[in-house]
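Visitor: Just one file: upload_23.csv, with CSV, C-alpha atoms.
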chain,number,residue,atom,x,y,z
A,7,MET,CA,29.5,31.5,65.5
A,8,ALA,CA,29.7,29.3,62.5
A,9,THR,CA,26.9,29.3,59.9
A,10,ASP,CA,26.6,25.5,59.8
A,11,ASN,CA,24.2,23.7,62.2
A,12,PHE,CA,26.6,20.9,63.3
A,13,TYR,CA,28.3,21.4,66.6
A,14,GLU,CA,30.1,18.7,68.6
A,15,THR,CA,29.1,18.2,72.2
A,16,LYS,CA,30.3,16.0,75.0
A,17,ASN,CA,28.3,15.7,78.2
A,18,GLY,CA,26.3,18.8,77.2
A,19,ARG,CA,29.4,20.9,76.8
A,20,THR,CA,30.5,22.5,73.5
A,21,SER,CA,34.2,23.0,74.5
A,22,PHE,CA,36.1,19.9,75.5
A,23,PHE,CA,39.2,17.7,75.0
A,24,ASP,CA,38.5,14.1,73.9
A,25,GLY,CA,42.0,12.6,74.0
A,26,GLY,CA,42.8,9.7,76.4
A,27,LEU,CA,45.5,9.3,79.0
A,28,LEU,CA,47.0,6.2,77.4
A,29,GLN,CA,47.2,7.9,74.0
A,30,PHE,CA,48.9,10.9,75.6
A,31,ILE,CA,51.4,8.6,77.4
A,32,GLY,CA,52.1,6.6,74.3
A,33,TRP,CA,52.6,9.7,72.0
A,34,THR,CA,54.8,11.3,74.7
A,35,ILE,CA,57.0,8.3,75.2
A,36,LEU,CA,57.3,7.8,71.4
A,37,GLY,CA,58.3,11.5,71.0
A,38,ILE,CA,60.9,11.3,73.8
A,39,LEU,CA,62.4,8.1,72.3
A,40,VAL,CA,62.6,9.5,68.8
A,41,THR,CA,64.2,12.7,70.1
A,42,VAL,CA,66.7,10.9,72.3
A,43,PHE,CA,67.7,8.3,69.7
A,44,THR,CA,68.2,10.9,66.9
A,45,LEU,CA,70.1,13.2,69.3
A,46,GLY,CA,67.5,15.9,68.9
A,47,ILE,CA,67.5,16.0,65.1
A,48,CYS,CA,63.9,14.6,64.9
A,49,TYR,CA,62.6,16.9,67.7
A,50,PRO,CA,60.4,18.8,65.2
A,51,TRP,CA,58.8,15.6,64.2
A,52,ALA,CA,58.1,14.6,67.9
A,53,PHE,CA,56.8,18.1,68.6
A,54,THR,CA,54.4,18.2,65.6
A,55,MET,CA,53.2,14.7,66.4
A,56,ILE,CA,52.4,15.5,70.1
A,57,TYR,CA,51.0,19.0,69.4
A,58,GLY,CA,48.9,17.7,66.5
A,59,TRP,CA,47.4,15.0,68.7
A,60,LYS,CA,46.5,17.6,71.3
A,61,ILE,CA,44.9,20.0,68.8
A,62,ASN,CA,43.1,17.3,66.8
A,63,HIS,CA,41.4,16.2,70.0
A,64,THR,CA,40.3,19.7,71.0
A,65,VAL,CA,36.8,21.1,70.4
A,66,ILE,CA,36.1,24.8,71.1
A,67,GLU,CA,32.5,26.0,71.1
A,68,GLY,CA,31.4,22.9,69.2
A,69,ARG,CA,34.0,23.3,66.5
A,70,ARG,CA,36.8,20.7,66.3
A,71,MET,CA,40.3,22.1,65.8
A,72,ARG,CA,42.8,20.7,63.2
A,73,PHE,CA,46.6,21.0,63.1
A,74,SER,CA,48.1,21.1,59.6
A,75,GLY,CA,51.7,21.7,60.4
A,76,SER,CA,54.4,19.4,59.3
A,77,ALA,CA,57.7,18.3,60.8
A,78,PHE,CA,59.5,19.3,57.6
A,79,GLY,CA,58.0,22.8,57.8
A,80,LEU,CA,59.0,23.2,61.5
A,81,PHE,CA,62.5,21.7,60.8
A,82,GLY,CA,63.2,24.5,58.3
A,83,ASN,CA,62.2,27.1,60.9
A,84,TRP,CA,64.2,25.3,63.6
A,85,ILE,CA,67.4,25.5,61.5
A,86,LYS,CA,66.8,29.2,60.7
A,87,TRP,CA,66.1,29.9,64.4
A,88,LEU,CA,69.2,28.0,65.5
A,89,LEU,CA,71.4,30.0,63.0
A,90,LEU,CA,69.9,33.3,64.3
A,91,ILE,CA,70.6,32.2,67.9
A,92,ILE,CA,74.3,31.5,67.0
A,93,ILE,CA,74.7,34.7,65.0
A,94,THR,CA,73.2,36.8,67.8
A,95,LEU,CA,75.2,35.0,70.5
A,96,GLY,CA,72.0,33.6,72.1
A,97,ILE,CA,70.0,36.8,72.1
A,98,TYR,CA,67.5,35.5,69.5
A,99,SER,CA,66.6,32.6,71.8
A,100,PHE,CA,64.3,34.9,73.7
A,101,TRP,CA,62.1,35.2,70.5
A,102,VAL,CA,62.1,31.5,69.6
A,103,PHE,CA,59.2,30.7,72.0
A,104,ILE,CA,57.1,33.5,70.4
A,105,LYS,CA,58.0,32.3,66.9
A,106,LEU,CA,57.1,28.8,67.8
A,107,GLU,CA,53.7,29.9,69.2
A,108,ASP,CA,53.1,31.9,66.0
A,109,TRP,CA,54.0,28.9,63.9
A,110,LYS,CA,51.5,26.8,65.9
A,111,ALA,CA,48.7,29.3,65.5
A,112,LYS,CA,49.4,29.6,61.7
A,113,ASN,CA,49.0,25.9,61.4
A,114,THR,CA,45.9,25.5,63.6
A,115,SER,CA,42.4,25.9,62.3
A,116,PHE,CA,38.8,24.7,62.7
A,117,VAL,CA,37.5,21.6,60.9
A,118,ASN,CA,33.8,22.6,60.9
I need this file expressed as structure tokens, please.
Guide:
Amino acid sequence: MATDNFYETKNGRTSFFDGGLLQFIGWTILGILVTVFTLGICYPWAFTMIYGWKINHTVIEGRRMRFSGSAFGLFGNWIKWLLLIIITLGIYSFWVFIKLEDWKAKNTSFVN
């Protein structure tokens, strides 16, 4: 448990998600449009935007989570992973999901 005395609650619960449906729909549509109109080049931006919204609206055991990842940081990894997929004739693609989960965890923390 944290040493501070401030814990967020909602309806008596200390773990909750406080994002709204319309926000989710809006961010998702924006992410899809950006990805489609840039032919996938801006997918890392759309991904970080949507994932950041989800994490920033999540509270676990009274502690709000914060996402600090950037689209630029993900884009660098994305290019590296793409090159490794090409070099290994697709074999590395099996590890990309794990690498992405690791990147998300590395860029997620608690605010309080």
Visitor: What is the atom CA of Val40 of chain A-atom CA of Phe73 of chain A distance in Å, reported with one decimal?
Guide: 20.5 Å
Visitor: Could you check which of A:Thr44, A:Phe103, A:Tyr13, A:Phe22 is closest to Asn62 of chain A, using all atoms listed in the file?
Guide: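 Looking only at the distances to Asn62 of chain A, the closest residue turns out to be A:Phe22.
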Visitor: Would you mind reading off the distance between atom CA of Ile38 of chain A and atom CA of Lys60 of chain A, one decimal, in Å?
Guide: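 That distance, rounded to one decimal, is 15.9 Å.
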Visitor: Using all atoms listed in the file - which residues lie no farther than 12 Å from the point (53.2, 17.2, 70.3) in the file's frame? Write them as a PyMOL selection string.
Guide: chain A and resi 29-38+41+49-63+73+75-77+110
Visitor: For a test of reading the model, state the distance in Å between atom CA of Trp101 of chain A and atom CA of Ser115 of chain A, rounded to one decimal.
Guide: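 According to the coordinates, atom CA of Trp101 of chain A and atom CA of Ser115 of chain A are separated by 23.3 Å.
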Visitor: Tell me which of A:Ser99, A:Thr15, A:Thr114, A:Asn83 sits closest to Val65 of chain A, counting all atoms listed in the file.
Guide: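 Between A:Ser99, A:Thr15, A:Thr114, A:Asn83, the residue approaching Val65 of chain A most closely is A:Thr15.
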Visitor: Name the residues in contact with Val117 of chain A at a cut-off of 9 Å, using only C-alpha atoms, excluding same-chain residues fewer than 3 positions from it; report them as a count of residues only.
Guide: 4
Visitor: Point out the residue among A:Ile85, A:Leu106, A:Ile91, A:Ile66 with the least atom-to-atom distance to Glu14 of chain A, counting all atoms listed in the file.
Guide: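 Of the candidates, the smallest distance to Glu14 of chain A is held by A:Ile66.
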Visitor: Using all atoms listed in the file, which residue out of A:Asp24, A:Asn17, A:Leu95, A:Trp84 lies closest to Thr64 of chain A?
Guide: A:Asp24
Visitor: Return segment 57-80 of chain A, completed with N, CA, C and O atoms, as a PDB file, in the coordinates of the input.
Guide:
ATOM      1  N   TYR A  57      51.886  17.799  69.501  1.00  0.00           N
ATOM      2  CA  TYR A  57      51.000  19.000  69.400  1.00  0.00           C
ATOM      3  C   TYR A  57      49.813  18.716  68.534  1.00  0.00           C
ATOM      4  O   TYR A  57      48.696  19.100  68.860  1.00  0.00           O
ATOM      5  N   GLY A  58      50.050  18.038  67.413  1.00  0.00           N
ATOM      6  CA  GLY A  58      48.900  17.700  66.500  1.00  0.00           C
ATOM      7  C   GLY A  58      47.914  16.811  67.205  1.00  0.00           C
ATOM      8  O   GLY A  58      46.708  16.998  67.030  1.00  0.00           O
ATOM      9  N   TRP A  59      48.371  15.858  67.999  1.00  0.00           N
ATOM     10  CA  TRP A  59      47.400  15.000  68.700  1.00  0.00           C
ATOM     11  C   TRP A  59      46.578  15.831  69.677  1.00  0.00           C
ATOM     12  O   TRP A  59      45.362  15.656  69.737  1.00  0.00           O
ATOM     13  N   LYS A  60      47.218  16.760  70.397  1.00  0.00           N
ATOM     14  CA  LYS A  60      46.500  17.600  71.300  1.00  0.00           C
ATOM     15  C   LYS A  60      45.429  18.450  70.617  1.00  0.00           C
ATOM     16  O   LYS A  60      44.262  18.504  71.027  1.00  0.00           O
ATOM     17  N   ILE A  61      45.837  19.125  69.565  1.00  0.00           N
ATOM     18  CA  ILE A  61      44.900  20.000  68.800  1.00  0.00           C
ATOM     19  C   ILE A  61      43.801  19.224  68.183  1.00  0.00           C
ATOM     20  O   ILE A  61      42.630  19.619  68.217  1.00  0.00           O
ATOM     21  N   ASN A  62      44.130  18.104  67.564  1.00  0.00           N
ATOM     22  CA  ASN A  62      43.100  17.300  66.800  1.00  0.00           C
ATOM     23  C   ASN A  62      42.095  16.682  67.781  1.00  0.00           C
ATOM     24  O   ASN A  62      41.059  16.206  67.319  1.00  0.00           O
ATOM     25  N   HIS A  63      42.355  16.685  69.064  1.00  0.00           N
ATOM     26  CA  HIS A  63      41.400  16.200  70.000  1.00  0.00           C
ATOM     27  C   HIS A  63      40.733  17.289  70.846  1.00  0.00           C
ATOM     28  O   HIS A  63      40.153  17.045  71.901  1.00  0.00           O
ATOM     29  N   THR A  64      40.827  18.512  70.350  1.00  0.00           N
ATOM     30  CA  THR A  64      40.300  19.700  71.000  1.00  0.00           C
ATOM     31  C   THR A  64      39.068  20.212  70.266  1.00  0.00           C
ATOM     32  O   THR A  64      39.137  20.391  69.057  1.00  0.00           O
ATOM     33  N   VAL A  65      37.973  20.480  70.994  1.00  0.00           N
ATOM     34  CA  VAL A  65      36.800  21.100  70.400  1.00  0.00           C
ATOM     35  C   VAL A  65      36.495  22.368  71.199  1.00  0.00           C
ATOM     36  O   VAL A  65      36.436  22.352  72.417  1.00  0.00           O
ATOM     37  N   ILE A  66      36.350  23.479  70.484  1.00  0.00           N
ATOM     38  CA  ILE A  66      36.100  24.800  71.100  1.00  0.00           C
ATOM     39  C   ILE A  66      34.738  25.287  70.561  1.00  0.00           C
ATOM     40  O   ILE A  66      34.572  25.419  69.353  1.00  0.00           O
ATOM     41  N   GLU A  67      33.803  25.535  71.456  1.00  0.00           N
ATOM     42  CA  GLU A  67      32.500  26.000  71.100  1.00  0.00           C
ATOM     43  C   GLU A  67      31.837  25.182  69.980  1.00  0.00           C
ATOM     44  O   GLU A  67      31.256  25.702  69.031  1.00  0.00           O
ATOM     45  N   GLY A  68      31.989  23.870  70.108  1.00  0.00           N
ATOM     46  CA  GLY A  68      31.400  22.900  69.200  1.00  0.00           C
ATOM     47  C   GLY A  68      32.150  22.725  67.882  1.00  0.00           C
ATOM     48  O   GLY A  68      31.746  21.932  67.039  1.00  0.00           O
ATOM     49  N   ARG A  69      33.261  23.410  67.723  1.00  0.00           N
ATOM     50  CA  ARG A  69      34.000  23.300  66.500  1.00  0.00           C
ATOM     51  C   ARG A  69      35.371  22.609  66.761  1.00  0.00           C
ATOM     52  O   ARG A  69      36.174  23.083  67.555  1.00  0.00           O
ATOM     53  N   ARG A  70      35.570  21.479  66.090  1.00  0.00           N
ATOM     54  CA  ARG A  70      36.800  20.700  66.300  1.00  0.00           C
ATOM     55  C   ARG A  70      37.961  21.457  65.612  1.00  0.00           C
ATOM     56  O   ARG A  70      37.844  22.047  64.557  1.00  0.00           O
ATOM     57  N   MET A  71      39.095  21.403  66.292  1.00  0.00           N
ATOM     58  CA  MET A  71      40.300  22.100  65.800  1.00  0.00           C
ATOM     59  C   MET A  71      41.113  21.050  64.965  1.00  0.00           C
ATOM     60  O   MET A  71      40.989  19.842  65.152  1.00  0.00           O
ATOM     61  N   ARG A  72      41.954  21.588  64.074  1.00  0.00           N
ATOM     62  CA  ARG A  72      42.800  20.700  63.200  1.00  0.00           C
ATOM     63  C   ARG A  72      44.172  21.380  63.120  1.00  0.00           C
ATOM     64  O   ARG A  72      44.305  22.584  62.917  1.00  0.00           O
ATOM     65  N   PHE A  73      45.195  20.534  63.253  1.00  0.00           N
ATOM     66  CA  PHE A  73      46.600  21.000  63.100  1.00  0.00           C
ATOM     67  C   PHE A  73      47.089  20.517  61.767  1.00  0.00           C
ATOM     68  O   PHE A  73      47.019  19.330  61.444  1.00  0.00           O
ATOM     69  N   SER A  74      47.615  21.430  60.955  1.00  0.00           N
ATOM     70  CA  SER A  74      48.100  21.100  59.600  1.00  0.00           C
ATOM     71  C   SER A  74      49.588  21.248  59.443  1.00  0.00           C
ATOM     72  O   SER A  74      50.103  21.100  58.335  1.00  0.00           O
ATOM     73  N   GLY A  75      50.290  21.553  60.512  1.00  0.00           N
ATOM     74  CA  GLY A  75      51.700  21.700  60.400  1.00  0.00           C
ATOM     75  C   GLY A  75      52.460  20.439  60.158  1.00  0.00           C
ATOM     76  O   GLY A  75      51.974  19.361  60.483  1.00  0.00           O
ATOM     77  N   SER A  76      53.633  20.553  59.548  1.00  0.00           N
ATOM     78  CA  SER A  76      54.400  19.400  59.300  1.00  0.00           C
ATOM     79  C   SER A  76      55.795  19.471  59.947  1.00  0.00           C
ATOM     80  O   SER A  76      56.291  20.575  60.194  1.00  0.00           O
ATOM     81  N   ALA A  77      56.369  18.324  60.206  1.00  0.00           N
ATOM     82  CA  ALA A  77      57.700  18.300  60.800  1.00  0.00           C
ATOM     83  C   ALA A  77      58.708  18.945  59.867  1.00  0.00           C
ATOM     84  O   ALA A  77      59.626  19.645  60.305  1.00  0.00           O
ATOM     85  N   PHE A  78      58.548  18.750  58.572  1.00  0.00           N
ATOM     86  CA  PHE A  78      59.500  19.300  57.600  1.00  0.00           C
ATOM     87  C   PHE A  78      59.404  20.862  57.645  1.00  0.00           C
ATOM     88  O   PHE A  78      60.435  21.534  57.629  1.00  0.00           O
ATOM     89  N   GLY A  79      58.189  21.401  57.726  1.00  0.00           N
ATOM     90  CA  GLY A  79      58.000  22.800  57.800  1.00  0.00           C
ATOM     91  C   GLY A  79      58.633  23.411  59.101  1.00  0.00           C
ATOM     92  O   GLY A  79      59.281  24.467  59.089  1.00  0.00           O
ATOM     93  N   LEU A  80      58.439  22.721  60.208  1.00  0.00           N
ATOM     94  CA  LEU A  80      59.000  23.200  61.500  1.00  0.00           C
ATOM     95  C   LEU A  80      60.530  23.029  61.455  1.00  0.00           C
ATOM     96  O   LEU A  80      61.242  23.884  61.971  1.00  0.00           O
TER      97      LEU A  80
END
